[in-house]
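In what follows, a structure is listed as structure tokens, so that the remarks can point back to it.
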Amino acid sequence: MDCFAAWTAAHGLDSLPAQPETIGAYLTAKTDSLRVSAVKRRLAAISTAHRLAGH
């Protein structure tokens with residue numbers, strides 16, 4: 001989640017609660033540098049952080 005929070009901050013976006021478009025843009029930006037399994041793990045971490053925060 002730290003990477004996502006840093007990315008959203010750098011782009012002037014909210015990490016919690018994040019809009020679906022924000023999550024999509026983040027994952028799209030990371031697909032060139034990460035394996036599919038790593039992208040899936042990051043999405044799972046974002047999902048868990050939202051759930052734990054009550055979103």
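Labels used: A, B, ... for chains in the order of the structure tokens, numbers from 1 for residues in each chain, and numbers from 1 for ligands as shown.
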Show me, as an mmCIF file with C-alpha atoms, in the first residue's frame, the residues that have an atom within 10 Å of region 14-24 of chain A when counting only C-alpha atoms, minus same-chain residues fewer than 3 positions from it.
```cif
data_model
loop_
_atom_site.group_PDB
_atom_site.id
_atom_site.type_symbol
_atom_site.label_atom_id
_atom_site.label_comp_id
_atom_site.auth_asym_id
_atom_site.auth_seq_id
_atom_site.Cartn_x
_atom_site.Cartn_y
_atom_site.Cartn_z
ATOM 1 C CA MET A 1 0.000 0.000 0.000
ATOM 2 C CA ASP A 2 2.939 2.350 0.616
ATOM 3 C CA PHE A 4 0.210 3.135 -4.000
ATOM 4 C CA ALA A 5 0.017 5.907 -1.399
ATOM 5 C CA ALA A 6 3.256 7.418 -2.698
ATOM 6 C CA TRP A 7 2.054 7.188 -6.300
ATOM 7 C CA THR A 8 -1.295 8.812 -5.523
ATOM 8 C CA ALA A 9 0.391 11.590 -3.516
ATOM 9 C CA HIS A 11 -0.212 12.594 -8.729
ATOM 10 C CA LEU A 27 -2.144 -0.509 -12.086
ATOM 11 C CA THR A 28 -1.755 0.565 -15.703
ATOM 12 C CA ALA A 29 1.320 2.599 -14.789
ATOM 13 C CA LYS A 30 2.851 -0.402 -13.024
ATOM 14 C CA LEU A 43 -4.332 -4.806 -5.984
ATOM 15 C CA ILE A 46 -5.105 -1.844 -1.921
ATOM 16 C CA SER A 47 -8.338 -3.793 -1.477
ATOM 17 C CA ALA A 49 -6.395 -1.383 3.073
ATOM 18 C CA HIS A 50 -9.763 -0.076 1.890
ATOM 19 C CA ARG A 51 -11.648 -2.821 3.699
ATOM 20 C CA ALA A 53 -10.373 1.479 6.714
ATOM 21 C CA GLY A 54 -14.093 0.807 6.353
ATOM 22 C CA HIS A 55 -14.415 1.788 2.693
#
```
